[in-house]
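K.L.:
Coordinates in data-v1.tsv, TSV, C-alpha atoms (C1' of nucleotides), are listed below.
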chain	number	residue	atom	x	y	z
A	20	MET	CA	-14.61	25.47	-12.91
A	21	THR	CA	-17.39	22.90	-12.76
A	22	THR	CA	-17.21	19.48	-14.35
A	23	SER	CA	-20.07	20.19	-16.74
A	24	ASP	CA	-17.81	22.79	-18.34
A	25	TRP	CA	-15.41	20.04	-19.18
A	26	GLY	CA	-18.06	18.25	-21.21
A	27	ALA	CA	-18.73	21.35	-23.27
A	28	LEU	CA	-15.02	21.89	-23.69
A	29	ALA	CA	-14.45	18.34	-24.82
A	30	ARG	CA	-17.33	18.33	-27.30
A	31	ARG	CA	-16.16	21.63	-28.73
A	32	ALA	CA	-12.59	20.38	-29.02
A	33	LEU	CA	-13.68	17.22	-30.79
A	34	VAL	CA	-15.95	18.92	-33.29
A	35	GLY	CA	-13.57	21.84	-33.71
A	36	SER	CA	-10.78	19.50	-34.74
A	37	GLY	CA	-12.93	17.93	-37.43
A	38	HIS	CA	-14.18	14.91	-35.52
A	39	ARG	CA	-17.75	13.69	-35.44
A	40	LEU	CA	-19.67	13.20	-32.25
A	41	GLY	CA	-20.95	9.64	-32.51
A	42	GLY	CA	-22.62	7.60	-29.83
A	43	ALA	CA	-19.49	6.23	-28.22
A	44	ARG	CA	-17.66	9.54	-27.96
A	45	GLU	CA	-20.74	11.28	-26.65
A	46	ALA	CA	-21.28	8.59	-24.01
A	47	VAL	CA	-17.66	8.64	-22.83
A	48	VAL	CA	-17.60	12.44	-22.66
A	49	ARG	CA	-20.87	12.52	-20.76
A	50	LEU	CA	-19.64	9.97	-18.24
A	51	LEU	CA	-16.28	11.66	-17.72
A	52	SER	CA	-17.87	15.06	-17.29
A	53	ARG	CA	-19.73	13.69	-14.26
A	54	GLN	CA	-16.52	12.23	-12.89
A	55	HIS	CA	-13.95	14.04	-10.78
A	56	CYS	CA	-11.38	11.39	-10.22
A	57	CYS	CA	-9.83	8.64	-12.24
A	58	LEU	CA	-11.51	5.58	-13.74
A	59	SER	CA	-10.07	2.64	-15.62
A	60	ALA	CA	-11.14	1.96	-19.19
A	61	GLN	CA	-12.91	-1.16	-17.97
A	62	GLU	CA	-14.81	0.80	-15.34
A	63	ILE	CA	-15.89	3.31	-17.94
A	64	SER	CA	-17.10	0.54	-20.21
A	65	ASP	CA	-18.91	-1.24	-17.38
A	66	ARG	CA	-20.68	1.88	-16.19
A	67	LEU	CA	-21.79	2.75	-19.68
A	68	ARG	CA	-23.13	-0.74	-20.19
A	69	SER	CA	-25.00	-0.70	-16.92
A	70	GLU	CA	-26.61	2.56	-18.05
A	71	GLY	CA	-27.73	0.94	-21.25
A	72	SER	CA	-25.20	2.38	-23.71
A	73	SER	CA	-23.35	-0.59	-25.11
A	74	VAL	CA	-20.08	1.05	-26.00
A	75	GLY	CA	-17.29	-1.30	-27.04
A	76	ILE	CA	-14.16	-1.18	-24.96
A	77	ALA	CA	-12.21	-0.40	-28.11
A	78	SER	CA	-14.19	2.78	-28.58
A	79	VAL	CA	-13.58	3.73	-24.99
A	80	TYR	CA	-9.85	3.45	-25.59
A	81	ARG	CA	-10.10	5.29	-28.90
A	82	THR	CA	-12.02	8.15	-27.32
A	83	LEU	CA	-9.68	8.36	-24.35
A	84	ASP	CA	-6.72	8.40	-26.68
A	85	LEU	CA	-8.23	11.18	-28.74
A	86	LEU	CA	-9.03	13.29	-25.69
A	87	HIS	CA	-5.66	12.55	-24.20
A	88	GLY	CA	-4.01	13.84	-27.37
A	89	MET	CA	-5.94	17.09	-26.94
A	90	GLY	CA	-4.88	17.43	-23.34
A	91	LEU	CA	-8.41	16.87	-22.11
A	92	VAL	CA	-7.77	13.54	-20.47
A	93	GLN	CA	-4.94	12.64	-18.16
A	94	ARG	CA	-3.58	9.13	-17.81
A	95	VAL	CA	-2.83	8.14	-14.23
A	96	ASP	CA	-0.75	5.16	-13.18
A	97	VAL	CA	-1.37	4.08	-9.64
A	98	GLY	CA	0.80	1.03	-10.10
A	99	GLU	CA	-1.73	-1.79	-10.15
A	100	GLY	CA	-1.49	-2.92	-13.74
A	101	GLY	CA	-3.48	-0.79	-16.11
A	102	HIS	CA	-4.02	2.93	-16.16
A	103	ARG	CA	-6.78	5.18	-15.02
A	104	TYR	CA	-8.10	8.20	-16.86
A	105	GLU	CA	-9.64	11.45	-15.75
A	106	PRO	CA	-10.82	14.71	-17.29
A	107	VAL	CA	-8.52	17.70	-17.09
A	108	VAL	CA	-8.92	21.29	-18.22
A	109	PRO	CA	-5.82	22.31	-20.19
A	110	GLY	CA	-4.03	25.08	-18.37
A	111	GLY	CA	-6.57	24.88	-15.56
A	112	GLU	CA	-6.07	23.78	-12.03
A	113	HIS	CA	-5.03	20.24	-11.59
A	114	HIS	CA	-4.58	17.73	-8.84
A	115	HIS	CA	-2.43	14.73	-8.06
A	116	HIS	CA	-3.10	11.41	-6.40
A	117	ALA	CA	-2.34	9.50	-3.25
A	118	VAL	CA	-2.91	5.78	-3.39
A	119	CYS	CA	-3.42	3.51	-0.41
A	120	GLN	CA	-1.14	0.50	-0.60
A	121	SER	CA	-3.50	-1.45	1.58
A	122	CYS	CA	-6.91	-1.00	-0.03
A	123	GLY	CA	-6.02	0.64	-3.32
A	124	LYS	CA	-8.16	3.69	-2.69
A	125	VAL	CA	-7.11	6.74	-4.69
A	126	THR	CA	-7.46	10.20	-3.21
A	127	ALA	CA	-6.94	13.43	-5.10
A	128	PHE	CA	-5.18	16.44	-3.63
A	129	GLU	CA	-3.84	19.81	-4.66
A	130	ASP	CA	-0.82	21.60	-3.29
A	131	ARG	CA	0.39	25.04	-4.25
A	132	ARG	CA	3.83	24.60	-2.75
A	133	LEU	CA	4.38	21.42	-4.71
A	134	GLU	CA	3.41	23.14	-7.95
A	135	ASP	CA	5.75	26.00	-7.19
A	136	ALA	CA	8.61	23.62	-6.52
A	137	ILE	CA	7.98	21.90	-9.84
A	138	ASP	CA	7.81	25.21	-11.69
A	139	ARG	CA	11.16	26.29	-10.32
A	140	LEU	CA	12.63	22.90	-11.01
A	141	SER	CA	11.39	23.01	-14.59
A	142	LYS	CA	13.25	26.25	-15.14
A	143	ARG	CA	16.39	24.86	-13.60
A	144	LEU	CA	16.48	21.85	-15.89
A	145	GLY	CA	17.40	22.19	-19.53
A	146	HIS	CA	14.25	20.37	-20.50
A	147	GLY	CA	11.22	22.22	-21.73
A	148	VAL	CA	8.71	20.79	-19.29
A	149	VAL	CA	5.10	20.68	-20.40
A	150	GLY	CA	3.55	18.52	-17.72
A	151	HIS	CA	4.15	16.50	-14.63
A	152	ASP	CA	2.68	13.74	-12.52
A	153	VAL	CA	3.05	13.16	-8.82
A	154	LEU	CA	1.97	10.05	-6.98
A	155	LEU	CA	2.10	9.55	-3.23
A	156	ARG	CA	2.08	6.04	-1.83
A	157	GLY	CA	1.00	5.30	1.69
A	158	THR	CA	-1.88	4.23	3.86
A	159	CYS	CA	-5.22	5.99	3.92
A	160	THR	CA	-6.72	7.11	7.24
A	161	ARG	CA	-9.24	4.28	7.20
A	162	CYS	CA	-6.65	1.54	6.71
A	163	GLU	CA	-4.27	3.17	9.15
A	164	GLY	CA	-6.92	3.11	11.86
A	165	ARG	CA	-7.78	-0.48	11.07
A	166	SER	CA	-4.19	-1.72	11.30
A	167	ARG	CA	-3.66	0.16	14.55
A	168	ALA	CA	-6.75	-1.46	16.04
A	169	ALA	CA	-5.61	-4.95	15.05
B	22	MET	CA	26.77	5.84	-1.71
B	23	THR	CA	28.15	3.89	-4.61
B	24	THR	CA	26.15	1.47	-6.68
B	25	SER	CA	28.22	-1.53	-5.66
B	26	ASP	CA	26.91	-0.98	-2.15
B	27	TRP	CA	23.46	-1.59	-3.47
B	28	GLY	CA	24.45	-5.04	-4.64
B	29	ALA	CA	25.72	-5.95	-1.20
B	30	LEU	CA	22.59	-4.51	0.37
B	31	ALA	CA	20.34	-6.47	-1.95
B	32	ARG	CA	22.16	-9.77	-1.45
B	33	ARG	CA	22.10	-9.30	2.30
B	34	ALA	CA	18.40	-8.45	2.25
B	35	LEU	CA	17.58	-11.52	0.17
B	36	VAL	CA	19.57	-13.96	2.26
B	37	GLY	CA	18.56	-12.26	5.49
B	38	SER	CA	14.90	-12.76	4.69
B	39	GLY	CA	15.41	-16.44	4.11
B	40	HIS	CA	15.78	-16.46	0.36
B	41	ARG	CA	18.40	-18.35	-1.57
B	42	LEU	CA	20.75	-16.69	-3.97
B	43	GLY	CA	20.37	-18.69	-7.15
B	44	GLY	CA	21.76	-17.90	-10.56
B	45	ALA	CA	18.89	-15.74	-11.72
B	46	ARG	CA	18.71	-13.55	-8.63
B	47	GLU	CA	22.47	-13.16	-8.53
B	48	ALA	CA	22.58	-12.16	-12.19
B	49	VAL	CA	19.77	-9.62	-11.85
B	50	VAL	CA	21.30	-8.11	-8.71
B	51	ARG	CA	24.71	-7.90	-10.34
B	52	LEU	CA	23.30	-6.19	-13.42
B	53	LEU	CA	21.19	-3.72	-11.45
B	54	SER	CA	24.08	-2.83	-9.18
B	55	ARG	CA	25.97	-1.60	-12.23
B	56	GLN	CA	22.96	0.40	-13.38
B	57	HIS	CA	22.05	3.89	-12.24
B	58	CYS	CA	18.90	4.54	-14.13
B	59	CYS	CA	15.88	2.54	-15.10
B	60	LEU	CA	15.71	-0.53	-17.35
B	61	SER	CA	12.74	-2.51	-18.57
B	62	ALA	CA	12.42	-6.18	-17.66
B	63	GLN	CA	13.01	-7.03	-21.30
B	64	GLU	CA	16.19	-4.96	-21.39
B	65	ILE	CA	17.44	-6.70	-18.27
B	66	SER	CA	16.73	-10.09	-19.80
B	67	ASP	CA	18.38	-9.15	-23.10
B	68	ARG	CA	21.52	-7.81	-21.46
B	69	LEU	CA	21.88	-10.87	-19.30
B	70	ARG	CA	21.47	-13.12	-22.32
B	71	SER	CA	24.04	-11.17	-24.30
B	72	GLU	CA	26.43	-11.66	-21.40
B	73	GLY	CA	25.88	-15.36	-21.49
B	74	SER	CA	23.60	-15.80	-18.49
B	75	SER	CA	20.39	-17.21	-19.89
B	76	VAL	CA	17.93	-15.98	-17.31
B	77	GLY	CA	14.27	-16.46	-18.12
B	78	ILE	CA	12.14	-13.34	-18.27
B	79	ALA	CA	9.89	-14.86	-15.61
B	80	SER	CA	12.80	-14.98	-13.19
B	81	VAL	CA	13.63	-11.39	-13.98
B	82	TYR	CA	10.10	-10.39	-13.03
B	83	ARG	CA	10.13	-12.59	-9.95
B	84	THR	CA	13.40	-11.10	-8.75
B	85	LEU	CA	12.28	-7.55	-9.45
B	86	ASP	CA	9.06	-8.20	-7.59
B	87	LEU	CA	10.94	-9.58	-4.61
B	88	LEU	CA	13.34	-6.64	-4.49
B	89	HIS	CA	10.51	-4.20	-5.02
B	90	GLY	CA	8.71	-5.67	-2.02
B	91	MET	CA	11.82	-5.01	0.05
B	92	GLY	CA	12.04	-1.45	-1.15
B	93	LEU	CA	15.25	-2.14	-3.05
B	94	VAL	CA	13.81	-1.68	-6.50
B	95	GLN	CA	11.62	1.13	-7.69
B	96	ARG	CA	9.11	0.74	-10.49
B	97	VAL	CA	9.02	3.69	-12.88
B	98	ASP	CA	6.26	4.36	-15.37
B	99	VAL	CA	7.32	6.66	-18.16
B	100	GLY	CA	4.06	6.13	-19.97
B	101	GLU	CA	5.09	4.04	-22.96
B	102	GLY	CA	3.50	0.73	-22.11
B	103	GLY	CA	5.49	-1.32	-19.69
B	104	HIS	CA	7.42	-0.27	-16.63
B	105	ARG	CA	11.06	0.31	-15.93
B	106	TYR	CA	12.93	-0.73	-12.82
B	107	GLU	CA	15.89	0.69	-10.97
B	108	PRO	CA	17.82	0.06	-7.77
B	109	VAL	CA	17.09	2.27	-4.78
B	110	VAL	CA	18.58	2.45	-1.35
B	111	PRO	CA	15.78	2.53	1.21
B	112	GLY	CA	15.88	5.79	3.09
B	113	GLY	CA	18.79	6.93	0.95
B	114	GLU	CA	18.90	9.67	-1.60
B	115	HIS	CA	16.66	9.22	-4.54
B	116	HIS	CA	15.94	10.81	-7.84
B	117	HIS	CA	13.04	11.31	-10.19
B	118	HIS	CA	12.69	11.24	-13.96
B	119	ALA	CA	12.05	13.54	-16.87
B	120	VAL	CA	10.96	11.85	-20.07
B	121	CYS	CA	11.25	13.37	-23.53
B	122	GLN	CA	7.98	13.09	-25.40
B	123	SER	CA	9.80	13.26	-28.66
B	124	CYS	CA	12.56	10.65	-28.40
B	125	GLY	CA	11.57	8.83	-25.21
B	126	LYS	CA	14.87	9.55	-23.48
B	127	VAL	CA	14.69	9.36	-19.71
B	128	THR	CA	16.81	11.69	-17.60
B	129	ALA	CA	17.21	11.45	-13.84
B	130	PHE	CA	17.30	14.50	-11.58
B	131	GLU	CA	17.26	15.38	-7.90
B	132	ASP	CA	15.71	18.43	-6.31
B	133	ARG	CA	15.84	19.33	-2.65
B	134	ARG	CA	13.04	21.86	-2.85
B	135	LEU	CA	10.74	19.32	-4.44
B	136	GLU	CA	11.46	16.80	-1.70
B	137	ASP	CA	10.79	19.43	0.94
B	138	ALA	CA	7.48	20.33	-0.64
B	139	ILE	CA	6.46	16.68	-0.67
B	140	ASP	CA	7.52	16.23	2.96
B	141	ARG	CA	5.39	19.13	4.07
B	142	LEU	CA	2.51	17.96	1.93
B	143	SER	CA	2.73	14.48	3.43
B	144	LYS	CA	2.34	15.92	6.89
B	145	ARG	CA	-0.61	18.04	5.80
B	146	LEU	CA	-2.52	15.08	4.38
B	147	GLY	CA	-4.09	12.53	6.67
B	148	HIS	CA	-2.35	9.76	4.80
B	149	GLY	CA	0.73	8.12	6.16
B	150	VAL	CA	2.95	8.66	3.14
B	151	VAL	CA	5.76	6.19	2.67
B	152	GLY	CA	6.91	7.02	-0.83
B	153	HIS	CA	6.35	9.16	-3.87
B	154	ASP	CA	7.04	9.34	-7.57
B	155	VAL	CA	7.42	12.40	-9.75
B	156	LEU	CA	7.55	12.37	-13.52
B	157	LEU	CA	8.19	15.40	-15.70
B	158	ARG	CA	7.11	15.32	-19.32
B	159	GLY	CA	8.68	17.59	-21.90
B	160	THR	CA	11.30	17.84	-24.58
B	161	CYS	CA	14.95	17.12	-23.98
B	162	THR	CA	17.58	19.67	-25.00
B	163	ARG	CA	18.62	17.60	-27.98
B	164	CYS	CA	15.09	17.30	-29.42
B	165	GLU	CA	14.33	20.92	-28.61
B	166	GLY	CA	17.34	22.06	-30.60
B	167	ARG	CA	16.43	19.78	-33.46
B	168	SER	CA	12.85	21.03	-33.71
B	169	ARG	CA	14.02	24.63	-33.52
B	170	ALA	CA	16.44	24.00	-36.36
B	171	ALA	CA	13.74	22.41	-38.53
C	25	DT	C1'	18.17	-34.60	1.31
C	26	DT	C1'	14.51	-31.26	1.07
C	27	DG	C1'	12.47	-27.26	0.10
C	28	DT	C1'	13.54	-23.39	-3.02
C	29	DT	C1'	14.50	-21.48	-7.44
C	30	DT	C1'	14.53	-21.65	-12.35
C	31	DG	C1'	13.29	-21.86	-17.38
C	32	DC	C1'	9.84	-22.77	-20.42
C	33	DA	C1'	5.34	-22.45	-22.11
C	34	DA	C1'	0.85	-21.29	-21.38
C	35	DA	C1'	-2.37	-18.18	-19.29
C	36	DC	C1'	-3.80	-13.52	-18.24
C	37	DC	C1'	-4.94	-8.79	-18.61
C	38	DT	C1'	-4.79	-4.43	-20.71
C	39	DT	C1'	-4.57	-2.06	-24.94
C	40	DT	C1'	-4.48	-1.86	-30.09
C	41	DT	C1'	-5.82	-3.14	-34.68
C	42	DG	C1'	-8.56	-5.13	-38.76
C	43	DC	C1'	-12.72	-5.15	-40.69
C	44	DA	C1'	-17.57	-5.02	-41.99
C	45	DC	C1'	-21.45	-2.38	-40.75
C	46	DG	C1'	-23.80	1.73	-39.09
C	47	DT	C1'	-23.82	6.75	-38.67
C	48	DT	C1'	-22.80	11.60	-39.18
C	49	DA	C1'	-22.52	15.82	-41.59
D	11	DT	C1'	-23.35	9.93	-50.37
D	12	DA	C1'	-18.81	9.67	-48.88
D	13	DA	C1'	-16.08	9.71	-45.23
D	14	DC	C1'	-15.92	8.75	-40.54
D	15	DG	C1'	-17.10	6.19	-36.24
D	16	DT	C1'	-18.39	1.88	-33.98
D	17	DG	C1'	-18.62	-2.93	-32.19
D	18	DC	C1'	-16.77	-7.24	-32.35
D	19	DA	C1'	-13.20	-10.39	-32.55
D	20	DA	C1'	-8.51	-11.20	-33.11
D	21	DA	C1'	-3.83	-9.68	-32.27
D	22	DA	C1'	-0.28	-7.65	-29.63
D	23	DG	C1'	2.55	-6.51	-25.71
D	24	DG	C1'	3.70	-6.88	-20.97
D	25	DT	C1'	3.37	-9.64	-16.79
D	26	DT	C1'	2.08	-13.73	-14.03
D	27	DT	C1'	1.52	-18.56	-13.13
D	28	DG	C1'	1.90	-23.88	-13.46
D	29	DC	C1'	5.02	-27.24	-13.55
D	30	DA	C1'	8.87	-30.45	-13.85
D	31	DA	C1'	13.76	-30.31	-13.66
D	32	DA	C1'	17.91	-28.13	-11.51
D	33	DC	C1'	19.84	-26.26	-7.55
D	34	DA	C1'	21.29	-24.14	-2.89
D	35	DA	C1'	21.87	-24.89	1.76
Mind turning this structure into structure tokens?
P.N.:
Amino acid sequence: MTTSDWGALARRALVGSGHRLGGAREAVVRLLSRQHCCLSAQEISDRLRSEGSSVGIASVYRTLDLLHGMGLVQRVDVGEGGHRYEPVVPGGEHHHHAVCQSCGKVTAFEDRRLEDAIDRLSKRLGHGVVGHDVLLRGTCTRCEGRSRAA
Amino acid sequence: MTTSDWGALARRALVGSGHRLGGAREAVVRLLSRQHCCLSAQEISDRLRSEGSSVGIASVYRTLDLLHGMGLVQRVDVGEGGHRYEPVVPGGEHHHHAVCQSCGKVTAFEDRRLEDAIDRLSKRLGHGVVGHDVLLRGTCTRCEGRSRAA
DNA sequence: TTGTTTGCAAACCTTTTGCACGTTA
DNA sequence: TAACGTGCAAAAGGTTTGCAAACAA
């Protein structure tokens, strides 16, 4: 699954559900499809502006909200005030995040065993579980090395 | 481990780290020690006010922040704007949360297999992992029954 | 007494909403 | 053309900060 597929998927989902593909939506989809890991709404807006597309922050939020409702965008909270957003393929593979408490760097990872544990857990609980988020907090290799040196 | 132990732990940690135990901190600690699952800062403030202690919301946040820094309070994001906070015993048993997308109800659960998977994963990753959060999203039994009936 | 804590109000930051204008199908 | 999408500015909601008065040790 390449990221460019996500763009096609998103455009199809938008149009297929009766939405129009205006400048703002197109720009946000194009940017996200080039992006593997999570960005804040402000970062998305800033990048688009620096590329010349002047997309209002409100439209960024509106587009993210729309895509989120279709399961094409995932909201990630790394606990620093504000959320981050990233493209996801519904039913496809997905990853989780580890955030460095020292520098704030976010790293994505996948883990089969973790997914299995959550699947079993979901069955055990009465709840019908449709999704899950996992966040690891710690120190990234770079910061760990730096603090050891100091 | 009973919850009243948490209160003692928190008070000791505050005083032991050179902080004073004023009215606001005492009130927040007392309320949290009676609480198993997560509350929002606003809920904490409201409950304290309805009990007669008029603690400013700023002091609630300041106390939560202090306790969070000591690992005695955990911040939980159930994705509805705003965080929730709950007491935790450092190194003690902990739980995670399942949130109902229909009614917003938050349920706590524990799962040994999940913890094991995260432990192994932590070792596999370069990161020094010091904590983790898991959130399940789905429909609680009550809402599931209701939608089936409709 | 002396530095710390507190409540209030104002500031801040992220996200949402109202609205007039521009655009899409 | 008629409905929808967009940018801007204002509003809203949660959290933080400045400050003078109250308080703990």
K.L.:
For chain D against region 37-43 of chain A, with a cut-off of 12 Å and counting only C-alpha atoms (C1' of nucleotides), what is the closest atom pair and its distance in Å to one decimal for every residue that makes the cut, ordered by chain and number, as JSON lines?
P.N.:
{"residue": "D:DA13", "atom": "C1'", "partner": "A:Arg39", "partner_atom": "CA", "distance": 10.7}
{"residue": "D:DC14", "atom": "C1'", "partner": "A:Arg39", "partner_atom": "CA", "distance": 7.3}
{"residue": "D:DG15", "atom": "C1'", "partner": "A:Gly41", "partner_atom": "CA", "distance": 6.4}
{"residue": "D:DT16", "atom": "C1'", "partner": "A:Ala43", "partner_atom": "CA", "distance": 7.3}
{"residue": "D:DG17", "atom": "C1'", "partner": "A:Ala43", "partner_atom": "CA", "distance": 10.0}
K.L.:
For chain C, report every residue with an atom at most 8 Å from chain A (counting only C-alpha atoms (C1' of nucleotides)), formatted as a PDB file with C-alpha atoms (C1' of nucleotides), keeping the file's coordinate frame.
P.N.:
ATOM      1  C1'  DT C  38      -4.790  -4.430 -20.710  1.00  0.00           C
ATOM      2  C1'  DT C  39      -4.570  -2.060 -24.940  1.00  0.00           C
ATOM      3  C1'  DT C  47     -23.820   6.750 -38.670  1.00  0.00           C
ATOM      4  C1'  DT C  48     -22.800  11.600 -39.180  1.00  0.00           C
TER       5       DT C  48
END
K.L.:
Please provide as a CSV table (one decimal) with C-alpha atoms, in the frame of the given file all residues within 12 Å of Glu163 (chain A), with the sequence filter that same-chain residues fewer than 6 positions apart are discarded (counting only C-alpha atoms (C1' of nucleotides)).
P.N.:
chain,number,residue,atom,x,y,z
A,119,CYS,CA,-3.4,3.5,-0.4
A,120,GLN,CA,-1.1,0.5,-0.6
A,121,SER,CA,-3.5,-1.4,1.6
A,122,CYS,CA,-6.9,-1.0,0.0
A,157,GLY,CA,1.0,5.3,1.7
A,169,ALA,CA,-5.6,-5.0,15.0
B,147,GLY,CA,-4.1,12.5,6.7
B,148,HIS,CA,-2.4,9.8,4.8
B,149,GLY,CA,0.7,8.1,6.2
B,150,VAL,CA,3.0,8.7,3.1
K.L.:
Smallest atom-to-atom distance to chain A: which of D:DA12, D:DT27, D:DC18, D:DA34, using only C-alpha atoms (C1' of nucleotides)?
P.N.:
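When distances to chain A are compared using only C-alpha atoms (C1' of nucleotides), the smallest one comes from D:DC18.
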K.L.:
Go through chain A and flag each residue having an atom no more than 9 Å from chain B; for those, report the closest pair of atoms plus their distance in Å to one decimal, using only C-alpha atoms, ordered by chain and rising number, as CSV.
P.N.:
residue,atom,partner,partner_atom,distance
A:Arg94,CA,B:Gly100,CA,8.5
A:Asp96,CA,B:Asp98,CA,7.4
A:Gly98,CA,B:Asp98,CA,8.3
A:Ala117,CA,B:His148,CA,8.1
A:Cys119,CA,B:His148,CA,8.2
A:Phe128,CA,B:Leu146,CA,8.5
A:Asp130,CA,B:Leu142,CA,7.2
A:Arg132,CA,B:Ala138,CA,6.0
A:Leu133,CA,B:Ala138,CA,5.2
A:Glu134,CA,B:Ala138,CA,8.8
A:Asp135,CA,B:Leu135,CA,8.8
A:Ala136,CA,B:Leu135,CA,5.2
A:Ile137,CA,B:Leu135,CA,6.6
A:Arg139,CA,B:Arg134,CA,8.9
A:Leu140,CA,B:Asp132,CA,7.2
A:Ser141,CA,B:Leu157,CA,8.3
A:Leu144,CA,B:Phe130,CA,8.6
A:Gly145,CA,B:Thr162,CA,6.0
A:His146,CA,B:Cys161,CA,4.8
A:Gly147,CA,B:Thr160,CA,5.2
A:Val148,CA,B:Gly159,CA,4.1
A:Val149,CA,B:Gly159,CA,5.0
A:Gly150,CA,B:Arg158,CA,5.0
A:His151,CA,B:Leu157,CA,4.3
A:Asp152,CA,B:Leu156,CA,5.2
A:Val153,CA,B:Val155,CA,4.5
A:Leu154,CA,B:Asp154,CA,5.2
A:Leu155,CA,B:His153,CA,4.3
A:Arg156,CA,B:Gly152,CA,5.0
A:Gly157,CA,B:Val150,CA,4.1
A:Thr158,CA,B:Gly149,CA,5.2
A:Cys159,CA,B:His148,CA,4.8
A:Thr160,CA,B:His148,CA,5.7
A:Glu163,CA,B:Gly149,CA,7.6
K.L.:
Under the rule that all atoms listed in the file are counted, which of B:Lys126, B:Arg105, B:Arg68, B:His118 is the nearest residue to chain D?
P.N.:
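Nearest to chain D: B:Arg105.
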K.L.:
Residues of chain D no more than 9 Å from chain B, counting all atoms listed in the file: send them over as a list in words.
P.N.:
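Going by the stated atoms only, the list reads DG23, DG24, DT25, DT26, DC33, DA34 and DA35 of chain D.
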K.L.:
Residues within 10 Å of Ser66 (chain B), please, as a PDB file with C-alpha atoms, in the coordinates of the input. Count only C-alpha atoms (C1' of nucleotides); anything in the same chain fewer than 6 positions from it doesn't count.
P.N.:
ATOM      1  CA  ALA B  48      22.580 -12.160 -12.190  1.00  0.00           C
ATOM      2  CA  VAL B  49      19.770  -9.620 -11.850  1.00  0.00           C
ATOM      3  CA  LEU B  52      23.300  -6.190 -13.420  1.00  0.00           C
ATOM      4  CA  LEU B  60      15.710  -0.530 -17.350  1.00  0.00           C
ATOM      5  CA  GLU B  72      26.430 -11.660 -21.400  1.00  0.00           C
ATOM      6  CA  SER B  74      23.600 -15.800 -18.490  1.00  0.00           C
ATOM      7  CA  SER B  75      20.390 -17.210 -19.890  1.00  0.00           C
ATOM      8  CA  VAL B  76      17.930 -15.980 -17.310  1.00  0.00           C
ATOM      9  CA  GLY B  77      14.270 -16.460 -18.120  1.00  0.00           C
ATOM     10  CA  ILE B  78      12.140 -13.340 -18.270  1.00  0.00           C
ATOM     11  CA  ALA B  79       9.890 -14.860 -15.610  1.00  0.00           C
ATOM     12  CA  SER B  80      12.800 -14.980 -13.190  1.00  0.00           C
ATOM     13  CA  VAL B  81      13.630 -11.390 -13.980  1.00  0.00           C
ATOM     14  CA  TYR B  82      10.100 -10.390 -13.030  1.00  0.00           C
TER      15      TYR B  82
END
K.L.:
Take CA of Gly71 (chain A) and CA of Gly88 (chain A) and report the distance between them in Å, one decimal.
P.N.:
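CA of Gly88 (chain A) lies at a distance of 27.7 Å from CA of Gly71 (chain A).
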K.L.:
Around region 19-29 of chain D, with edges along x, y and z and 4 Å added on all six sides, what centre and edge lengths do you get, in Å to one decimal, as AutoDock Vina command-line options?
P.N.:
--center_x -4.1 --center_y -16.9 --center_z -23.1 --size_x 26.2 --size_y 28.7 --size_z 28.0
K.L.:
What gap, in Å, lies between CA of Ala34 (chain B) and CA of His116 (chain B)?
P.N.:
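These two atoms are separated by 21.9 Å.
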K.L.:
What is the distance between CA of Lys144 (chain B) and CA of Gly92 (chain B), in Å to one decimal?
P.N.:
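Separation of CA of Lys144 (chain B) and CA of Gly92 (chain B): 21.5 Å.
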K.L.:
Near DG28 (chain D), counting all atoms listed in the file, which residues have an atom at most 12 Å away, once you skip same-chain residues fewer than 5 positions from it, shown as a ChimeraX atom specification?
P.N.:
/C:32-35
K.L.:
Determine, counting only C-alpha atoms (C1' of nucleotides), which protein, DNA and RNA residues have an atom within 10 Å of an atom of DA21 (chain D); residues of the same chain fewer than 2 positions away are not included. Present the result as a VMD selection string.
P.N.:
(chain C and resid 40 to 42) or (chain D and resid 19 23)
